[in-house]
>>> print(open('final_29.cif').read())   # mmCIF, C-alpha atoms and all ligand atoms
data_structure
#
loop_
_atom_site.label_atom_id
_atom_site.label_comp_id
_atom_site.auth_asym_id
_atom_site.auth_seq_id
_atom_site.Cartn_x
_atom_site.Cartn_y
_atom_site.Cartn_z
CA MET Q 1 78.93 111.47 52.93
CA ARG Q 2 80.47 114.93 53.17
CA GLN Q 3 82.42 115.71 56.35
CA GLU Q 4 81.22 118.54 58.59
CA PRO Q 5 84.26 120.56 59.61
CA PHE Q 6 82.33 123.21 61.51
CA SER Q 7 80.63 123.58 64.86
CA TYR Q 8 77.79 126.04 65.10
CA LEU Q 9 76.24 128.11 67.81
CA LEU Q 10 72.75 129.36 66.97
CA VAL Q 11 71.75 132.39 69.05
CA GLY Q 12 68.05 133.22 69.58
CA SER Q 13 64.83 131.30 70.13
CA GLY Q 14 62.41 133.24 67.93
CA ARG Q 15 60.81 132.25 64.64
CA LEU Q 16 63.91 131.94 62.46
CA ALA Q 17 65.93 130.21 65.21
CA LYS Q 18 63.24 127.52 65.57
CA HIS Q 19 63.10 126.85 61.83
CA PHE Q 20 66.87 126.80 61.37
CA ALA Q 21 67.52 124.67 64.48
CA TYR Q 22 65.21 122.07 62.94
CA TYR Q 23 66.64 122.38 59.41
CA PHE Q 24 70.30 122.44 60.38
CA LYS Q 25 69.98 119.50 62.79
CA SER Q 26 68.05 117.53 60.15
CA LYS Q 27 71.02 118.07 57.84
CA GLY Q 28 73.43 116.64 60.42
CA MET Q 29 75.08 119.93 61.34
CA SER Q 30 76.76 120.05 64.74
CA LEU Q 31 74.66 122.72 66.43
CA ARG Q 32 74.40 124.16 69.92
CA THR Q 33 71.78 126.75 70.76
CA TRP Q 34 71.79 129.71 73.12
CA SER Q 35 68.91 131.95 74.12
CA ARG Q 36 69.01 134.79 76.62
CA SER Q 37 65.78 133.58 78.25
CA THR Q 38 67.02 130.06 79.03
CA HIS Q 39 70.82 130.27 79.21
CA SER Q 40 73.42 132.26 81.16
CA ILE Q 41 76.17 134.54 79.85
CA GLU Q 42 78.73 131.99 81.12
CA GLN Q 43 77.06 129.38 78.91
CA LEU Q 44 77.21 131.82 76.00
CA ASN Q 45 80.93 132.41 76.51
CA SER Q 46 81.76 128.73 76.71
CA SER Q 47 79.62 127.92 73.64
CA VAL Q 48 81.22 130.77 71.64
CA LYS Q 49 84.69 129.42 72.50
CA GLU Q 50 83.73 125.97 71.16
CA ALA Q 51 82.06 127.22 67.98
CA SER Q 52 83.65 127.97 64.61
CA HIS Q 53 80.47 129.71 63.37
CA ILE Q 54 78.11 131.86 65.40
CA LEU Q 55 74.70 132.25 63.80
CA LEU Q 56 72.75 135.26 65.02
CA ALA Q 57 69.00 134.66 64.64
CA ILE Q 58 68.12 137.69 66.74
CA SER Q 59 66.26 140.95 66.15
CA ASP Q 60 67.91 143.22 63.55
CA ASP Q 61 68.33 146.15 65.93
CA GLN Q 62 70.22 143.95 68.42
CA ILE Q 63 72.72 142.28 66.09
CA GLU Q 64 75.47 144.90 66.08
CA LYS Q 65 75.17 145.45 69.83
CA PHE Q 66 75.35 141.69 70.47
CA ILE Q 67 78.50 141.37 68.36
CA SER Q 68 80.26 144.25 70.10
CA GLN Q 69 79.19 143.09 73.58
CA HIS Q 70 79.77 139.35 73.28
CA LEU Q 71 81.78 138.39 70.20
CA GLN Q 72 84.29 141.08 69.45
CA ASN Q 73 87.18 139.58 71.38
CA TYR Q 74 87.13 136.05 69.99
CA LYS Q 75 89.61 135.07 67.29
CA HIS Q 76 88.91 133.38 63.93
CA LYS Q 77 85.14 133.18 64.22
CA ILE Q 78 82.68 133.36 61.37
CA ILE Q 79 79.68 135.36 62.50
CA VAL Q 80 76.59 135.01 60.35
CA HIS Q 81 73.50 137.17 60.63
CA PHE Q 82 70.27 136.68 58.70
CA SER Q 83 69.03 140.23 58.31
CA GLY Q 84 67.85 141.25 54.84
CA ALA Q 85 68.30 144.97 55.46
CA LEU Q 86 71.47 145.26 57.57
CA SER Q 87 75.01 145.46 56.28
CA ILE Q 88 77.38 145.23 59.19
CA THR Q 89 80.91 146.45 58.81
CA ASN Q 90 83.61 143.89 59.46
CA LEU Q 91 85.66 146.51 61.29
CA LEU Q 92 84.05 145.27 64.50
CA CYS Q 93 85.91 141.97 64.31
CA GLU Q 94 88.67 142.49 61.75
CA LYS Q 95 91.49 142.75 64.25
CA ASN Q 96 90.75 139.21 65.46
CA ASP Q 97 90.53 137.73 61.99
CA SER Q 98 86.85 137.08 62.43
CA GLU Q 99 84.35 137.70 59.67
CA ILE Q 100 80.79 138.98 59.73
CA ILE Q 101 78.63 137.64 56.91
CA GLY Q 102 75.05 138.55 56.04
CA ALA Q 103 73.11 135.55 54.70
CA HIS Q 104 69.46 136.48 54.27
CA PRO Q 105 67.11 133.53 53.76
CA LEU Q 106 64.57 134.76 51.22
CA MET Q 107 61.55 133.25 52.93
CA SER Q 108 58.84 134.13 55.42
CA PHE Q 109 59.08 132.17 58.67
CA SER Q 110 56.03 132.00 60.90
CA TYR Q 111 55.56 129.83 63.99
CA GLU Q 112 54.88 126.46 62.28
CA LEU Q 113 57.78 124.37 61.00
CA TYR Q 114 57.90 123.57 57.26
CA ASP Q 115 58.72 120.34 55.38
CA LEU Q 116 62.43 119.57 55.06
CA LYS Q 117 62.25 119.77 51.26
CA ASP Q 118 60.87 123.32 51.54
CA TYR Q 119 63.90 124.47 53.54
CA GLU Q 120 66.22 123.02 50.91
CA LYS Q 121 64.78 125.35 48.26
CA ILE Q 122 65.17 128.60 50.22
CA PRO Q 123 67.65 130.94 48.48
CA PHE Q 124 70.27 132.69 50.61
CA ILE Q 125 71.23 136.24 49.63
CA PHE Q 126 74.80 137.03 50.72
CA ASP Q 127 76.37 140.41 51.28
CA SER Q 128 78.36 140.53 48.08
CA LYS Q 129 81.95 140.09 49.14
CA VAL Q 130 83.80 139.79 52.39
CA ASN Q 131 87.45 140.83 52.44
CA GLU Q 132 87.47 140.71 48.63
CA ASN Q 133 86.72 136.99 48.68
CA GLU Q 134 83.45 135.67 47.41
CA ILE Q 135 81.78 133.52 49.99
CA GLY Q 136 80.06 130.44 48.74
CA LEU Q 137 77.66 128.39 50.77
CA SER Q 138 80.55 125.98 51.39
CA LYS Q 139 82.30 128.54 53.58
CA ILE Q 140 79.45 128.70 56.03
CA PHE Q 141 77.11 125.77 55.39
CA PRO Q 142 78.94 122.99 53.50
CA LEU Q 143 76.22 120.47 54.32
CA LEU Q 144 73.54 122.55 52.62
CA SER Q 145 72.93 122.81 48.90
CA ASN Q 146 70.47 125.72 48.92
CA PRO Q 147 70.64 128.17 46.01
CA PHE Q 148 72.50 131.39 46.83
CA HIS Q 149 73.07 134.81 45.28
CA TYR Q 150 75.15 137.89 46.00
CA LEU Q 151 73.90 141.41 46.51
CA GLU Q 152 75.89 144.62 46.93
CA SER Q 153 75.52 146.06 50.41
CA ASN Q 154 74.16 149.37 49.13
CA LYS Q 155 71.25 147.53 47.50
CA LYS Q 156 70.13 145.65 50.62
CA ALA Q 157 67.66 148.28 51.85
CA LEU Q 158 65.86 148.29 48.49
CA TYR Q 159 66.03 144.50 48.25
CA HIS Q 160 64.48 144.03 51.67
CA ALA Q 161 61.89 146.76 51.13
CA LEU Q 162 60.77 144.96 47.94
CA CYS Q 163 60.46 141.67 49.86
CA VAL Q 164 58.26 143.50 52.39
CA VAL Q 165 56.12 144.98 49.61
CA GLY Q 166 55.60 141.54 48.01
CA GLY Q 167 55.18 139.54 51.23
CA ASN Q 168 54.03 141.64 54.16
CA PHE Q 169 51.88 144.01 52.06
CA THR Q 170 49.99 141.04 50.63
CA ASN Q 171 49.21 139.80 54.15
CA ILE Q 172 48.14 143.26 55.30
CA LEU Q 173 45.92 143.73 52.24
CA TRP Q 174 44.11 140.44 52.79
CA ALA Q 175 43.71 141.01 56.53
CA THR Q 176 42.18 144.43 55.72
CA VAL Q 177 39.79 143.04 53.09
CA GLU Q 178 38.62 140.27 55.44
CA LYS Q 179 38.13 142.74 58.30
CA GLU Q 180 35.99 145.03 56.12
CA PHE Q 181 33.94 142.08 54.87
CA VAL Q 182 33.02 141.40 58.48
CA SER Q 183 32.64 144.94 59.83
CA SER Q 184 31.26 146.87 56.83
CA LEU Q 185 29.51 144.18 54.77
CA LYS Q 186 28.48 141.76 57.57
CA LEU Q 187 29.78 138.89 55.44
CA SER Q 188 31.94 136.06 56.74
CA PRO Q 189 35.55 136.11 55.43
CA ASP Q 190 34.96 132.46 54.46
CA VAL Q 191 32.97 133.79 51.49
CA LEU Q 192 36.28 135.00 50.08
CA ALA Q 193 38.01 131.62 50.29
CA GLU Q 194 37.60 130.47 46.66
CA TYR Q 195 38.42 133.92 45.28
CA LYS Q 196 41.53 134.15 47.44
CA GLN Q 197 42.72 130.70 46.38
CA ARG Q 198 42.28 131.54 42.70
CA VAL Q 199 44.05 134.92 43.04
CA PHE Q 200 47.08 133.28 44.66
CA ARG Q 201 47.10 130.31 42.28
CA ASN Q 202 46.87 132.54 39.18
CA ASN Q 203 49.61 134.74 40.56
CA LEU Q 204 51.87 131.73 41.08
CA LEU Q 205 51.26 130.61 37.51
CA ASP Q 206 51.76 134.04 35.91
CA SER Q 207 52.19 137.18 38.00
CA LYS Q 208 51.94 139.50 34.97
CA GLY Q 209 49.04 138.07 33.01
CA THR Q 210 46.45 137.59 35.74
CA LEU Q 211 45.19 141.11 36.33
CA THR Q 212 41.47 141.69 35.83
CA GLY Q 213 39.26 144.57 36.96
CA PRO Q 214 38.88 148.28 36.23
CA PHE Q 215 42.60 149.18 36.06
CA ILE Q 216 43.33 146.95 33.10
CA ARG Q 217 40.06 148.01 31.43
CA GLN Q 218 40.86 151.69 32.10
CA ASP Q 219 37.28 151.95 33.43
CA LEU Q 220 37.56 155.42 34.97
CA ALA Q 221 33.88 155.62 36.02
CA THR Q 222 34.23 152.47 38.15
CA ILE Q 223 37.59 153.62 39.53
CA GLU Q 224 35.90 156.86 40.65
CA LYS Q 225 33.05 154.92 42.31
CA HIS Q 226 35.49 152.61 44.07
CA THR Q 227 37.52 155.53 45.37
CA GLN Q 228 34.40 157.16 46.83
CA ALA Q 229 33.27 153.91 48.48
CA LEU Q 230 36.72 153.32 49.97
CA GLU Q 231 36.80 156.83 51.50
CA LYS Q 232 34.37 155.50 54.15
CA VAL Q 233 36.78 152.78 55.26
CA GLY Q 234 39.99 154.80 54.94
CA LEU Q 235 41.35 152.92 51.92
CA ALA Q 236 40.85 155.47 49.12
CA GLN Q 237 44.43 156.73 49.26
CA LEU Q 238 45.76 153.19 49.02
CA TYR Q 239 43.54 152.53 45.98
CA THR Q 240 44.69 155.71 44.23
CA SER Q 241 48.37 154.96 44.94
CA MET Q 242 47.96 151.44 43.60
CA PHE Q 243 46.34 152.81 40.43
CA GLN Q 244 49.30 155.18 40.00
CA VAL Q 245 51.75 152.30 40.41
CA TYR Q 246 49.77 150.25 37.89
CA GLU Q 247 49.78 153.16 35.41
CA GLN Q 248 53.57 153.56 35.72
CA ILE Q 249 54.15 149.85 35.08
CA ASN Q 250 51.68 149.86 32.22
CA GLN Q 251 53.25 152.91 30.55
CA ALA Q 252 56.74 151.42 30.86
CA HIS Q 253 55.38 148.23 29.29
CA ILE Q 254 53.77 150.16 26.38
CA ALA Q 255 57.00 152.15 25.81
CA LYS Q 256 58.97 148.89 25.66
CA GLU Q 257 56.51 147.34 23.19
CA THR Q 258 56.61 150.37 20.84
CA ASN Q 259 60.44 150.64 20.84
N1 LIG B 301 60.90 135.65 60.52
C1 LIG B 301 61.22 135.78 59.23
O1 LIG B 301 60.37 135.59 58.35
C2 LIG B 301 62.63 136.13 58.82
C3 LIG B 301 62.98 135.93 57.46
C4 LIG B 301 64.28 136.22 57.06
C5 LIG B 301 65.20 136.74 57.97
N2 LIG B 301 64.81 136.95 59.28
C6 LIG B 301 65.82 137.51 60.19
O2 LIG B 301 66.02 136.60 61.27
C7 LIG B 301 66.41 137.33 62.43
C8 LIG B 301 65.49 136.92 63.59
O3 LIG B 301 64.14 137.24 63.22
P1 LIG B 301 62.88 136.47 63.85
O4 LIG B 301 61.75 136.66 62.90
O5 LIG B 301 63.26 135.10 64.26
O6 LIG B 301 62.61 137.36 65.14
P2 LIG B 301 61.79 136.99 66.45
O7 LIG B 301 60.87 135.86 66.21
O8 LIG B 301 61.25 138.29 66.95
O9 LIG B 301 62.92 136.50 67.48
C9 LIG B 301 63.94 137.36 67.88
C10 LIG B 301 64.86 136.61 68.84
O10 LIG B 301 65.92 137.50 69.14
C11 LIG B 301 66.18 137.40 70.53
N3 LIG B 301 66.85 138.61 70.96
C12 LIG B 301 66.45 139.90 70.77
N4 LIG B 301 67.34 140.74 71.31
C13 LIG B 301 68.33 139.97 71.84
C14 LIG B 301 69.54 140.25 72.55
N5 LIG B 301 69.93 141.51 72.80
N6 LIG B 301 70.30 139.22 72.96
C15 LIG B 301 69.93 137.95 72.69
N7 LIG B 301 68.80 137.60 72.04
C16 LIG B 301 68.01 138.61 71.62
C17 LIG B 301 64.80 137.23 71.14
O11 LIG B 301 64.95 136.75 72.45
P3 LIG B 301 63.70 136.77 73.50
O12 LIG B 301 62.76 135.70 72.99
O13 LIG B 301 64.36 136.47 74.79
O14 LIG B 301 63.10 138.15 73.41
C18 LIG B 301 64.20 136.21 70.16
O15 LIG B 301 64.63 134.90 70.48
C19 LIG B 301 66.32 138.81 62.06
O16 LIG B 301 67.60 139.25 61.68
C20 LIG B 301 65.39 138.80 60.86
O17 LIG B 301 65.61 139.92 60.01
C21 LIG B 301 63.56 136.65 59.71
#
>>> encode(input="final_29.cif", output="structure tokens", more="lines below")
Ligand SMILES: NC(=O)c1ccc[n+]([C@@H]2O[C@H](COP(=O)([O-])OP(=O)(O)OC[C@H]3O[C@@H](n4cnc5c(N)ncnc54)[C@H](OP(=O)(O)O)[C@@H]3O)[C@@H](O)[C@H]2O)c1
Amino acid sequence: MRQEPFSYLLVGSGRLAKHFAYYFKSKGMSLRTWSRSTHSIEQLNSSVKEASHILLAISDDQIEKFISQHLQNYKHKIIVHFSGALSITNLLCEKNDSEIIGAHPLMSFSYELYDLKDYEKIPFIFDSKVNENEIGLSKIFPLLSNPFHYLESNKKALYHALCVVGGNFTNILWATVEKEFVSSLKLSPDVLAEYKQRVFRNNLLDSKGTLTGPFIRQDLATIEKHTQALEKVGLAQLYTSMFQVYEQINQAHIAKETN
């Protein structure tokens, strides 16, 4: 069995903190936790002193402030945050030979815990390089064997925005469709269950080849009718934008095929 040379302090008690506390403990990592709602600042200071790695599972807009208020004066610490969008300069801690590393878990964490095997497959996306040295998973989580990738800091905003488009937008779209089924059509959202399952399953099998409907058929009369109907529920603009996005992708695809 591999030896665990590190001691961790996990800060926060929100969604990610709950998932990672479970995952990291299941993997045998030596982990303390601290949350502002249940612990004191004295407890934070003593836990920071003991820890080699401080893992910040707290809101993005609080991470930098938390580091400068509570962690800046400790020597030789590895501070890990999990934000997909933030790139935090190491200048904050450089003088104490501490490092700040971004390790974004590319996953959506809600309130229910997942199976252990599901955590093991989550890819981590690291800020590309810290102090000119590439950081492998072994530097921060030697007991984990998750896949990991590097991303340049200046690409993080786009990277995270794309994750939001793929993940959060999908949830918002389905919540909107189900709401309109109830309020405009007086149909239960349960009616959609089989359709929804098939859409997601087909997408998992082949995200490019599963499109049906008027866009792919270039059925402009139906597209016009849809746009008019969606005016009434405030979704016409969304429909038109999505058609424009589809057209761009389609044209790029045709150009590639003819080259
Ligand atoms: N959830 C996801 O799907 C997901 C996925 C990938 C990465 N992440 C990243 O994980 C991090 C945490 O996100 P989350 O979804 O777990 O958020 P969350 O559920 O909203 O929890 C945020 C936690 O931060 C704590 N907190 C906020 N400000 C603080 C401060 N100044 N000092 C100490 N604690 C503070 C909150 O404490 P209180 O409870 O006391 O308010 C709460 O425990 C973020 O960087 C996020 O980008 C999240």
>>> residues_around(input="final_29.cif", residues="Gln69 (chain Q)", least_positions_apart="4", cutoff="12 Å", atoms="all atoms listed in the file", output="PyMOL selection string")
chain Q and resi 41+44-45+62-65+73-74+92-93
>>> axis_aligned_box(input="final_29.cif", around="ligand LIG 301 (chain B)", padding_each_side="3 Å", output="JSON")
{"center_x": 65.3, "center_y": 138.2, "center_z": 65.9, "size_x": 15.9, "size_y": 12.6, "size_z": 23.7}
>>> residues_near_point(input="final_29.cif", point="(68.7, 122.5, 63.1)", cutoff="12 Å", atoms="all atoms listed in the file", output="PyMOL selection string")
chain Q and resi 8-11+13+16-33+55+113+116+119+141+143-144
>>> write_last_selection(input="final_29.cif", atoms="C-alpha atoms", output="short mmCIF file (atom, residue, chain, number, x, y, z; two decimals), in the frame of the given file")
data_model
loop_
_atom_site.label_atom_id
_atom_site.label_comp_id
_atom_site.auth_asym_id
_atom_site.auth_seq_id
_atom_site.Cartn_x
_atom_site.Cartn_y
_atom_site.Cartn_z
CA TYR Q 8 77.79 126.04 65.10
CA LEU Q 9 76.24 128.11 67.81
CA LEU Q 10 72.75 129.36 66.97
CA VAL Q 11 71.75 132.39 69.05
CA SER Q 13 64.83 131.30 70.13
CA LEU Q 16 63.91 131.94 62.46
CA ALA Q 17 65.93 130.21 65.21
CA LYS Q 18 63.24 127.52 65.57
CA HIS Q 19 63.10 126.85 61.83
CA PHE Q 20 66.87 126.80 61.37
CA ALA Q 21 67.52 124.67 64.48
CA TYR Q 22 65.21 122.07 62.94
CA TYR Q 23 66.64 122.38 59.41
CA PHE Q 24 70.30 122.44 60.38
CA LYS Q 25 69.98 119.50 62.79
CA SER Q 26 68.05 117.53 60.15
CA LYS Q 27 71.02 118.07 57.84
CA GLY Q 28 73.43 116.64 60.42
CA MET Q 29 75.08 119.93 61.34
CA SER Q 30 76.76 120.05 64.74
CA LEU Q 31 74.66 122.72 66.43
CA ARG Q 32 74.40 124.16 69.92
CA THR Q 33 71.78 126.75 70.76
CA LEU Q 55 74.70 132.25 63.80
CA LEU Q 113 57.78 124.37 61.00
CA LEU Q 116 62.43 119.57 55.06
CA TYR Q 119 63.90 124.47 53.54
CA PHE Q 141 77.11 125.77 55.39
CA LEU Q 143 76.22 120.47 54.32
CA LEU Q 144 73.54 122.55 52.62
#
>>> residues_near_ligand(input="final_29.cif", ligand="ligand LIG 301 (chain B)", cutoff="7 Å", atoms="all atoms listed in the file", output="PyMOL selection string")
chain Q and resi 11-17+35-37+57-60+62+66+81-84+104-110
>>> residues_around(input="final_29.cif", residues="His160 (chain Q)", least_positions_apart="4", cutoff="8 Å", atoms="only C-alpha atoms", output="number ranges by chain")
Q: 84-85, 156, 164
>>> atom_distance(input="final_29.cif", atom1="CA of Lys232 (chain Q)", atom2="CA of Thr170 (chain Q)")
21.6 Å
>>> residues_around(input="final_29.cif", residues="Ile223 (chain Q)", least_positions_apart="2", cutoff="12 Å", atoms="all atoms listed in the file", output="list in words")
Gly213, Pro214, Phe215, Ile216, Arg217, Gln218, Asp219, Leu220, Ala221, Lys225, His226, Thr227, Gln228, Ala229, Leu230, Ala236, Tyr239, Thr240, Met242, Phe243 and Gln244 of chain Q
>>> closest_residue(input="final_29.cif", among="Q:Glu152, Q:Ile140, Q:Val177, Q:Thr210", to="Asp190 (chain Q)", atoms="only C-alpha atoms")
Q:Val177
>>> residues_near_point(input="final_29.cif", point="(84.3, 127.5, 72.3)", cutoff="12 Å", atoms="all atoms listed in the file", output="mmCIF file with C-alpha atoms, keeping the file's coordinate frame")
data_model
loop_
_atom_site.group_PDB
_atom_site.id
_atom_site.type_symbol
_atom_site.label_atom_id
_atom_site.label_comp_id
_atom_site.auth_asym_id
_atom_site.auth_seq_id
_atom_site.Cartn_x
_atom_site.Cartn_y
_atom_site.Cartn_z
ATOM 1 C CA PHE Q 6 82.330 123.210 61.510
ATOM 2 C CA SER Q 7 80.630 123.580 64.860
ATOM 3 C CA TYR Q 8 77.790 126.040 65.100
ATOM 4 C CA LEU Q 9 76.240 128.110 67.810
ATOM 5 C CA ARG Q 32 74.400 124.160 69.920
ATOM 6 C CA GLU Q 42 78.730 131.990 81.120
ATOM 7 C CA GLN Q 43 77.060 129.380 78.910
ATOM 8 C CA LEU Q 44 77.210 131.820 76.000
ATOM 9 C CA ASN Q 45 80.930 132.410 76.510
ATOM 10 C CA SER Q 46 81.760 128.730 76.710
ATOM 11 C CA SER Q 47 79.620 127.920 73.640
ATOM 12 C CA VAL Q 48 81.220 130.770 71.640
ATOM 13 C CA LYS Q 49 84.690 129.420 72.500
ATOM 14 C CA GLU Q 50 83.730 125.970 71.160
ATOM 15 C CA ALA Q 51 82.060 127.220 67.980
ATOM 16 C CA SER Q 52 83.650 127.970 64.610
ATOM 17 C CA HIS Q 53 80.470 129.710 63.370
ATOM 18 C CA ILE Q 54 78.110 131.860 65.400
ATOM 19 C CA LEU Q 71 81.780 138.390 70.200
ATOM 20 C CA TYR Q 74 87.130 136.050 69.990
ATOM 21 C CA LYS Q 75 89.610 135.070 67.290
ATOM 22 C CA HIS Q 76 88.910 133.380 63.930
ATOM 23 C CA LYS Q 77 85.140 133.180 64.220
#
>>> closest_residue(input="final_29.cif", among="Q:Leu86, Q:Lys179, Q:Ser207, Q:Phe126", to="Asp61 (chain Q)", atoms="only C-alpha atoms")
Q:Leu86
>>> atom_distance(input="final_29.cif", atom1="CA of Ile88 (chain Q)", atom2="CA of Asp118 (chain Q)")
28.5 Å
>>> closest_residue(input="final_29.cif", among="Q:Asn171, Q:Phe181, Q:Gly136, Q:Ser87", to="Asn154 (chain Q)", atoms="only C-alpha atoms")
Q:Ser87
>>> decode(input="final_29.cif", residues="region 180-201 of chain Q", atoms="N, CA and C atoms", output="tab-separated table (two decimals), in the first residue's frame")
chain	number	residue	atom	x	y	z
Q	180	GLU	N	-43.20	24.80	-18.85
Q	180	GLU	CA	-44.16	25.20	-19.89
Q	180	GLU	C	-45.15	24.07	-20.21
Q	181	PHE	N	-44.71	22.83	-20.08
Q	181	PHE	CA	-45.66	21.72	-20.24
Q	181	PHE	C	-46.79	21.88	-19.22
Q	182	VAL	N	-46.41	22.20	-17.99
Q	182	VAL	CA	-47.43	22.33	-16.94
Q	182	VAL	C	-48.26	23.59	-17.17
Q	183	SER	N	-47.58	24.76	-17.28
Q	183	SER	CA	-48.34	26.01	-17.26
Q	183	SER	C	-49.03	26.32	-18.59
Q	184	SER	N	-48.40	26.05	-19.73
Q	184	SER	CA	-49.01	26.42	-21.01
Q	184	SER	C	-49.80	25.28	-21.64
Q	185	LEU	N	-49.35	24.03	-21.43
Q	185	LEU	CA	-50.03	22.91	-22.11
Q	185	LEU	C	-50.92	22.10	-21.18
Q	186	LYS	N	-50.82	22.38	-19.86
Q	186	LYS	CA	-51.60	21.61	-18.86
Q	186	LYS	C	-51.32	20.11	-18.97
Q	187	LEU	N	-50.05	19.79	-19.26
Q	187	LEU	CA	-49.63	18.39	-19.31
Q	187	LEU	C	-48.61	18.15	-18.19
Q	188	SER	N	-48.67	16.95	-17.61
Q	188	SER	CA	-47.72	16.63	-16.55
Q	188	SER	C	-46.31	16.49	-17.16
Q	189	PRO	N	-45.26	16.94	-16.45
Q	189	PRO	CA	-43.90	16.74	-16.97
Q	189	PRO	C	-43.53	15.27	-17.07
Q	190	ASP	N	-44.29	14.39	-16.38
Q	190	ASP	CA	-44.02	12.95	-16.47
Q	190	ASP	C	-44.18	12.45	-17.90
Q	191	VAL	N	-45.04	13.12	-18.68
Q	191	VAL	CA	-45.25	12.72	-20.08
Q	191	VAL	C	-43.94	12.75	-20.84
Q	192	LEU	N	-43.04	13.62	-20.40
Q	192	LEU	CA	-41.77	13.80	-21.12
Q	192	LEU	C	-40.71	12.73	-20.78
Q	193	ALA	N	-41.02	11.91	-19.77
Q	193	ALA	CA	-39.96	11.06	-19.20
Q	193	ALA	C	-39.23	10.19	-20.23
Q	194	GLU	N	-39.99	9.49	-21.07
Q	194	GLU	CA	-39.36	8.58	-22.04
Q	194	GLU	C	-38.54	9.34	-23.07
Q	195	TYR	N	-39.12	10.47	-23.52
Q	195	TYR	CA	-38.42	11.31	-24.50
Q	195	TYR	C	-37.09	11.82	-23.93
Q	196	LYS	N	-37.18	12.30	-22.67
Q	196	LYS	CA	-35.98	12.83	-22.01
Q	196	LYS	C	-34.89	11.76	-21.89
Q	197	GLN	N	-35.33	10.57	-21.45
Q	197	GLN	CA	-34.37	9.46	-21.30
Q	197	GLN	C	-33.68	9.17	-22.61
Q	198	ARG	N	-34.46	9.12	-23.70
Q	198	ARG	CA	-33.90	8.77	-25.00
Q	198	ARG	C	-32.93	9.85	-25.48
Q	199	VAL	N	-33.33	11.12	-25.29
Q	199	VAL	CA	-32.46	12.24	-25.70
Q	199	VAL	C	-31.11	12.13	-25.02
Q	200	PHE	N	-31.13	11.90	-23.69
Q	200	PHE	CA	-29.86	11.83	-22.95
Q	200	PHE	C	-29.06	10.59	-23.34
Q	201	ARG	N	-29.79	9.46	-23.50
Q	201	ARG	CA	-29.07	8.22	-23.86
Q	201	ARG	C	-28.43	8.35	-25.25
